[in-house]
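S.K.: File coords35.csv follows (CSV, N, CA and C atoms and all ligand atoms):
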```csv
chain,number,residue,atom,x,y,z
A,1,MET,N,97.4,105.5,106.5
A,1,MET,CA,95.9,105.5,106.1
A,1,MET,C,95.6,104.2,105.5
A,2,LYS,N,94.4,103.8,105.4
A,2,LYS,CA,93.9,102.6,104.7
A,2,LYS,C,93.1,102.8,103.5
A,3,VAL,N,93.2,101.9,102.5
A,3,VAL,CA,92.5,102.0,101.3
A,3,VAL,C,91.9,100.6,101.0
A,4,SER,N,90.6,100.5,100.7
A,4,SER,CA,90.0,99.2,100.4
A,4,SER,C,89.6,99.1,99.0
A,5,TYR,N,89.8,97.9,98.4
A,5,TYR,CA,89.4,97.6,97.0
A,5,TYR,C,88.4,96.5,97.1
A,6,ILE,N,87.3,96.7,96.4
A,6,ILE,CA,86.3,95.6,96.3
A,6,ILE,C,86.3,95.0,94.9
A,7,LEU,N,86.6,93.7,94.9
A,7,LEU,CA,86.7,93.0,93.6
A,7,LEU,C,85.3,92.7,93.0
A,8,PRO,N,85.3,92.3,91.8
A,8,PRO,CA,83.9,92.0,91.2
A,8,PRO,C,83.2,90.9,91.9
A,9,ASP,N,83.9,90.0,92.6
A,9,ASP,CA,83.2,88.9,93.3
A,9,ASP,C,82.7,89.4,94.7
A,10,GLY,N,83.0,90.6,95.0
A,10,GLY,CA,82.6,91.2,96.3
A,10,GLY,C,83.6,91.1,97.4
A,11,ALA,N,84.7,90.4,97.1
A,11,ALA,CA,85.8,90.3,98.1
A,11,ALA,C,86.4,91.7,98.3
A,12,MET,N,86.7,92.0,99.5
A,12,MET,CA,87.3,93.3,99.8
A,12,MET,C,88.7,93.1,100.5
A,13,SER,N,89.7,93.9,100.0
A,13,SER,CA,91.0,93.8,100.6
A,13,SER,C,91.4,95.2,101.0
A,14,THR,N,92.0,95.4,102.1
A,14,THR,CA,92.4,96.7,102.7
A,14,THR,C,93.9,96.7,102.8
A,15,TYR,N,94.5,97.9,102.4
A,15,TYR,CA,95.9,98.0,102.3
A,15,TYR,C,96.3,99.4,103.0
A,16,ARG,N,97.5,99.4,103.4
A,16,ARG,CA,98.1,100.7,103.9
A,16,ARG,C,98.5,101.6,102.7
A,17,ALA,N,98.3,102.9,102.9
A,17,ALA,CA,98.8,103.8,101.9
A,17,ALA,C,99.4,105.0,102.6
A,18,ARG,N,100.2,105.8,101.8
A,18,ARG,CA,100.8,107.0,102.4
A,18,ARG,C,100.1,108.2,101.7
A,19,SER,N,100.1,109.3,102.4
A,19,SER,CA,99.6,110.5,101.8
A,19,SER,C,100.5,110.8,100.6
A,20,GLY,N,99.9,111.1,99.5
A,20,GLY,CA,100.7,111.4,98.3
A,20,GLY,C,100.6,110.3,97.3
A,21,ASP,N,100.3,109.0,97.8
A,21,ASP,CA,100.1,107.9,96.9
A,21,ASP,C,98.9,108.2,96.0
A,22,THR,N,98.9,107.5,94.8
A,22,THR,CA,97.7,107.5,94.1
A,22,THR,C,97.0,106.1,94.3
A,23,LEU,N,95.7,106.1,93.9
A,23,LEU,CA,95.0,104.8,94.0
A,23,LEU,C,95.7,103.7,93.2
A,24,LEU,N,96.4,104.1,92.1
A,24,LEU,CA,97.1,103.2,91.3
A,24,LEU,C,98.4,102.7,92.0
A,25,ASP,N,99.1,103.6,92.7
A,25,ASP,CA,100.3,103.2,93.4
A,25,ASP,C,99.9,102.1,94.4
A,26,VAL,N,98.9,102.3,95.1
A,26,VAL,CA,98.5,101.3,96.2
A,26,VAL,C,98.1,100.0,95.5
A,27,ALA,N,97.3,100.1,94.4
A,27,ALA,CA,96.9,98.9,93.7
A,27,ALA,C,98.1,98.1,93.2
A,28,LEU,N,99.0,98.7,92.5
A,28,LEU,CA,100.2,98.0,92.0
A,28,LEU,C,101.1,97.5,93.1
A,29,ASP,N,101.3,98.2,94.1
A,29,ASP,CA,102.1,97.7,95.2
A,29,ASP,C,101.5,96.4,95.8
A,30,ASN,N,100.2,96.3,95.7
A,30,ASN,CA,99.6,95.1,96.3
A,30,ASN,C,98.9,94.2,95.3
A,31,ALA,N,99.3,94.3,94.1
A,31,ALA,CA,98.9,93.4,93.0
A,31,ALA,C,97.3,93.2,93.0
A,32,VAL,N,96.6,94.3,93.1
A,32,VAL,CA,95.1,94.3,93.0
A,32,VAL,C,94.7,93.9,91.6
A,33,PRO,N,94.1,92.7,91.5
A,33,PRO,CA,93.7,92.3,90.1
A,33,PRO,C,92.7,93.3,89.5
A,34,GLY,N,92.8,93.5,88.2
A,34,GLY,CA,91.8,94.4,87.5
A,34,GLY,C,92.3,95.8,87.4
A,35,ILE,N,93.4,96.2,88.0
A,35,ILE,CA,94.0,97.5,87.9
A,35,ILE,C,95.4,97.3,87.4
A,36,LYS,N,95.6,97.5,86.1
A,36,LYS,CA,96.8,97.2,85.4
A,36,LYS,C,97.8,98.4,85.4
A,37,GLY,N,97.3,99.5,85.0
A,37,GLY,CA,98.1,100.7,84.9
A,37,GLY,C,99.2,100.6,83.9
A,38,GLN,N,98.8,100.2,82.7
A,38,GLN,CA,99.7,99.9,81.6
A,38,GLN,C,100.5,101.1,81.2
A,39,CYS,N,100.0,102.3,81.3
A,39,CYS,CA,100.8,103.5,80.8
A,39,CYS,C,101.6,104.1,82.0
A,40,GLY,N,101.6,103.4,83.1
A,40,GLY,CA,102.4,103.9,84.2
A,40,GLY,C,101.9,105.2,84.9
A,41,GLY,N,100.6,105.4,84.7
A,41,GLY,CA,100.0,106.6,85.4
A,41,GLY,C,100.0,107.8,84.5
A,42,GLY,N,100.2,107.6,83.2
A,42,GLY,CA,100.3,108.8,82.3
A,42,GLY,C,99.0,109.2,81.7
A,43,CYS,N,97.9,108.7,82.2
A,43,CYS,CA,96.6,109.0,81.8
A,43,CYS,C,96.4,108.9,80.2
A,44,THR,N,96.8,107.7,79.8
A,44,THR,CA,96.7,107.4,78.3
A,44,THR,C,96.2,106.0,78.0
A,45,CYS,N,95.9,105.2,79.1
A,45,CYS,CA,95.5,103.8,78.7
A,45,CYS,C,94.2,103.3,79.2
A,46,CYS,N,93.7,103.9,80.3
A,46,CYS,CA,92.4,103.6,80.8
A,46,CYS,C,92.3,102.2,81.6
A,47,THR,N,93.5,101.6,81.8
A,47,THR,CA,93.5,100.3,82.4
A,47,THR,C,93.5,100.4,83.9
A,48,CYS,N,93.3,101.5,84.4
A,48,CYS,CA,93.2,101.7,85.9
A,48,CYS,C,91.9,102.2,86.3
A,49,HIS,N,90.9,102.0,85.4
A,49,HIS,CA,89.5,102.5,85.7
A,49,HIS,C,89.0,101.8,87.0
A,50,CYS,N,88.4,102.6,87.8
A,50,CYS,CA,87.7,102.0,89.0
A,50,CYS,C,86.5,102.9,89.4
A,51,TRP,N,85.7,102.4,90.3
A,51,TRP,CA,84.5,103.2,90.7
A,51,TRP,C,84.8,103.6,92.2
A,52,ILE,N,84.6,104.8,92.5
A,52,ILE,CA,84.7,105.3,93.8
A,52,ILE,C,83.4,105.2,94.6
A,53,GLU,N,83.4,104.6,95.8
A,53,GLU,CA,82.2,104.5,96.5
A,53,GLU,C,81.6,105.9,96.7
A,54,PRO,N,80.3,106.1,96.5
A,54,PRO,CA,79.7,107.4,96.4
A,54,PRO,C,80.1,108.3,97.6
A,55,ALA,N,80.1,107.8,98.8
A,55,ALA,CA,80.4,108.6,100.0
A,55,ALA,C,81.7,109.3,99.9
A,56,TRP,N,82.7,108.7,99.1
A,56,TRP,CA,84.0,109.3,99.0
A,56,TRP,C,84.2,110.1,97.8
A,57,LEU,N,83.4,110.0,96.9
A,57,LEU,CA,83.6,110.7,95.6
A,57,LEU,C,83.8,112.2,95.8
A,58,ALA,N,82.9,112.8,96.6
A,58,ALA,CA,83.0,114.3,96.8
A,58,ALA,C,84.2,114.8,97.5
A,59,THR,N,84.9,113.8,98.1
A,59,THR,CA,86.1,114.2,98.9
A,59,THR,C,87.4,114.4,98.0
A,60,LEU,N,87.2,113.9,96.7
A,60,LEU,CA,88.4,113.9,95.8
A,60,LEU,C,88.4,115.2,95.0
A,61,ASP,N,89.6,115.5,94.5
A,61,ASP,CA,89.7,116.6,93.6
A,61,ASP,C,88.9,116.2,92.3
A,62,LYS,N,88.4,117.2,91.7
A,62,LYS,CA,87.6,117.0,90.4
A,62,LYS,C,88.6,116.4,89.3
A,63,PRO,N,88.1,115.5,88.5
A,63,PRO,CA,88.9,115.1,87.4
A,63,PRO,C,89.2,116.2,86.4
A,64,HIS,N,90.4,116.2,85.8
A,64,HIS,CA,90.7,117.2,84.8
A,64,HIS,C,90.2,116.6,83.4
A,65,GLN,N,90.2,117.5,82.4
A,65,GLN,CA,89.6,117.2,81.2
A,65,GLN,C,90.2,116.0,80.5
A,66,ASP,N,91.5,115.8,80.6
A,66,ASP,CA,92.1,114.6,80.0
A,66,ASP,C,91.6,113.3,80.6
A,67,GLU,N,91.4,113.3,81.9
A,67,GLU,CA,90.9,112.1,82.5
A,67,GLU,C,89.4,111.9,82.0
A,68,LEU,N,88.6,112.9,82.0
A,68,LEU,CA,87.2,112.8,81.5
A,68,LEU,C,87.2,112.3,80.1
A,69,ASP,N,88.1,112.8,79.3
A,69,ASP,CA,88.1,112.3,77.9
A,69,ASP,C,88.4,110.9,77.8
A,70,LEU,N,89.4,110.4,78.6
A,70,LEU,CA,89.8,109.0,78.5
A,70,LEU,C,88.7,108.1,79.1
A,71,LEU,N,88.1,108.6,80.2
A,71,LEU,CA,87.0,107.8,80.8
A,71,LEU,C,85.9,107.5,79.9
A,72,ALA,N,85.7,108.2,78.8
A,72,ALA,CA,84.7,108.0,77.9
A,72,ALA,C,84.8,106.6,77.2
A,73,TYR,N,86.1,106.1,77.2
A,73,TYR,CA,86.3,104.8,76.6
A,73,TYR,C,86.3,103.6,77.7
A,74,ALA,N,86.1,103.9,78.9
A,74,ALA,CA,86.1,102.9,80.0
A,74,ALA,C,84.9,102.0,79.9
A,75,TRP,N,85.2,100.7,80.0
A,75,TRP,CA,84.1,99.8,80.1
A,75,TRP,C,83.3,100.0,81.4
A,76,GLY,N,82.0,100.1,81.3
A,76,GLY,CA,81.2,100.3,82.5
A,76,GLY,C,81.2,101.6,83.2
A,77,ARG,N,81.6,102.6,82.4
A,77,ARG,CA,81.7,104.0,83.0
A,77,ARG,C,80.4,104.4,83.7
A,78,THR,N,80.6,105.0,84.9
A,78,THR,CA,79.4,105.6,85.5
A,78,THR,C,79.8,106.9,86.1
A,79,GLY,N,79.0,107.6,86.8
A,79,GLY,CA,79.3,108.9,87.4
A,79,GLY,C,80.3,108.7,88.5
A,80,ASP,N,80.5,107.5,89.0
A,80,ASP,CA,81.5,107.2,90.1
A,80,ASP,C,82.8,106.8,89.5
A,81,SER,N,83.0,106.8,88.2
A,81,SER,CA,84.2,106.3,87.6
A,81,SER,C,85.4,107.3,87.8
A,82,ARG,N,86.5,106.8,88.0
A,82,ARG,CA,87.8,107.6,88.0
A,82,ARG,C,88.9,106.7,87.5
A,83,LEU,N,90.0,107.4,87.1
A,83,LEU,CA,91.2,106.6,86.8
A,83,LEU,C,92.1,106.6,88.0
A,84,ALA,N,92.4,105.4,88.5
A,84,ALA,CA,93.1,105.3,89.8
A,84,ALA,C,94.4,106.1,89.8
A,85,CYS,N,95.0,106.2,88.6
A,85,CYS,CA,96.3,107.0,88.5
A,85,CYS,C,96.2,108.5,88.7
A,86,GLN,N,95.0,108.9,88.6
A,86,GLN,CA,94.7,110.4,88.7
A,86,GLN,C,94.1,110.8,90.1
A,87,VAL,N,94.0,109.8,91.0
A,87,VAL,CA,93.4,110.1,92.3
A,87,VAL,C,94.5,110.0,93.3
A,88,ARG,N,94.9,111.2,93.8
A,88,ARG,CA,96.0,111.3,94.7
A,88,ARG,C,95.4,111.4,96.1
A,89,LEU,N,95.9,110.6,97.0
A,89,LEU,CA,95.4,110.4,98.4
A,89,LEU,C,96.0,111.4,99.4
A,90,SER,N,95.2,111.8,100.3
A,90,SER,CA,95.7,112.6,101.5
A,90,SER,C,95.1,111.9,102.7
A,91,GLU,N,95.5,112.4,103.9
A,91,GLU,CA,95.0,111.8,105.1
A,91,GLU,C,93.5,111.9,105.2
A,92,ALA,N,92.9,112.9,104.5
A,92,ALA,CA,91.5,113.0,104.5
A,92,ALA,C,90.8,111.8,103.9
A,93,HIS,N,91.5,111.0,103.2
A,93,HIS,CA,91.0,109.8,102.5
A,93,HIS,C,91.2,108.5,103.2
A,94,ASP,N,91.6,108.6,104.5
A,94,ASP,CA,91.7,107.4,105.3
A,94,ASP,C,90.4,106.6,105.3
A,95,GLY,N,90.4,105.4,104.8
A,95,GLY,CA,89.2,104.5,104.8
A,95,GLY,C,88.5,104.5,103.4
A,96,ILE,N,89.1,105.2,102.4
A,96,ILE,CA,88.4,105.3,101.1
A,96,ILE,C,88.2,103.9,100.6
A,97,CYS,N,87.1,103.7,99.8
A,97,CYS,CA,86.8,102.4,99.3
A,97,CYS,C,86.5,102.5,97.8
A,98,VAL,N,87.1,101.7,97.0
A,98,VAL,CA,86.9,101.7,95.5
A,98,VAL,C,86.5,100.3,95.0
A,99,ARG,N,85.7,100.3,94.0
A,99,ARG,CA,85.3,99.1,93.3
A,99,ARG,C,86.2,98.9,92.1
A,100,VAL,N,86.5,97.6,91.8
A,100,VAL,CA,87.4,97.3,90.7
A,100,VAL,C,86.6,96.6,89.6
A,101,PRO,N,86.7,97.0,88.4
A,101,PRO,CA,85.9,96.3,87.3
A,101,PRO,C,86.5,94.9,87.1
A,102,GLN,N,85.6,94.1,86.4
A,102,GLN,CA,86.1,92.8,86.0
A,102,GLN,C,87.4,93.0,85.1
A,103,GLN,N,88.3,92.1,85.4
A,103,GLN,CA,89.6,92.2,84.6
A,103,GLN,C,89.3,91.9,83.2
A,104,GLN,N,89.8,92.8,82.3
A,104,GLN,CA,89.7,92.7,80.9
A,104,GLN,C,91.0,92.1,80.3
A,105,SER,N,90.9,91.3,79.3
A,105,SER,CA,92.1,90.7,78.8
A,105,SER,C,92.6,91.5,77.6
B,201,LIG,S1,97.5,104.0,84.3
B,201,LIG,FE1,97.1,104.5,82.3
B,201,LIG,S2,95.4,105.8,82.5
B,201,LIG,FE2,95.9,105.3,84.5
```
I need this file expressed as structure tokens, please.
M.R.:
Amino acid sequence: MKVSYILPDGAMSTYRARSGDTLLDVALDNAVPGIKGQCGGGCTCCTCHCWIEPAWLATLDKPHQDELDLLAYAWGRTGDSRLACQVRLSEAHDGICVRVPQQQS
């Protein structure tokens, strides 16, 4: 399946992913800037915040409470915000598109 990341400058890159990967796995495998994943997917750092394109948001499992609690600290949080480490992909997500926040130092 394919996953696309849109960077803050509007540039879009598309990568291959496997069913079972998370959005963080794909981002780290392809060095997508702005998605750091400092806690290794443990849902404790918020450095994998991204925005899911609205058309795809409803296809994802709902976020659990720990993710929602952490997202409260995410810069630029919106109703489309998710933590990439908590979004696990299946074949139903082929073509999903996510936006990446400006890289924070
Ligand atoms: S990698 Fe730390 S919260 Fe997702």
S.K.: Around ligand LIG 201 (chain B), at most 6 Å away and counting all atoms listed in the file, which residues are there? Put them as a list in words, please.
M.R.: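 Those within range of ligand LIG 201 (chain B) are Lys36, Gly37, Gln38, Cys39, Gly40, Gly41, Gly42, Cys43, Thr44, Cys45, Cys46, Thr47, Cys48, Leu83, Ala84, Cys85 and Gln86 of chain A.
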S.K.: DSSP on the backbone, strand (DSSP E or B) only: what residues of chain A does that give? Format it as number ranges by chain.
M.R.: A: 2-6, 12-16, 22, 49-52, 81-83, 88, 96-99
S.K.: Please give the centre and size of the box around segment 5-11 of chain A (axis-aligned, containing every atom listed in the file, 6 Å added per side), with values in Å to one decimal and written as lines of an AutoDock Vina configuration file.
M.R.:
```
center_x = 86.2
center_y = 93.4
center_z = 94.8
size_x = 19.2
size_y = 21.0
size_z = 19.2
```
S.K.: Just the residues within 6.5 Å of segment 12-14 of chain A, please, counting all atoms listed in the file, with nothing from its chain fewer than 4 positions along; format it as a VMD selection string.
M.R.: chain A and resid 2 to 7
S.K.: Distance atom CA of Cys50 of chain A-atom CA of Gly20 of chain A, one decimal place?
M.R.: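 Separation between atom CA of Cys50 of chain A and atom CA of Gly20 of chain A: 18.5 Å.
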S.K.: Distance atom N of Arg82 of chain A-atom C of Pro63 of chain A, one decimal place?
M.R.: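 Separating atom N of Arg82 of chain A from atom C of Pro63 of chain A is a distance of 9.9 Å.
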S.K.: Quick one: residues within 8 Å of (80.8, 104.4, 91.3) (file frame), counting all atoms listed in the file, please, as a PyMOL selection string.
M.R.: chain A and resi 50-54+77-82+98-99
S.K.: Any idea what the distance is between atom CA of Pro8 of chain A and atom N of Asp69 of chain A?
M.R.: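 Distance reported for this atom pair: 24.3 Å.
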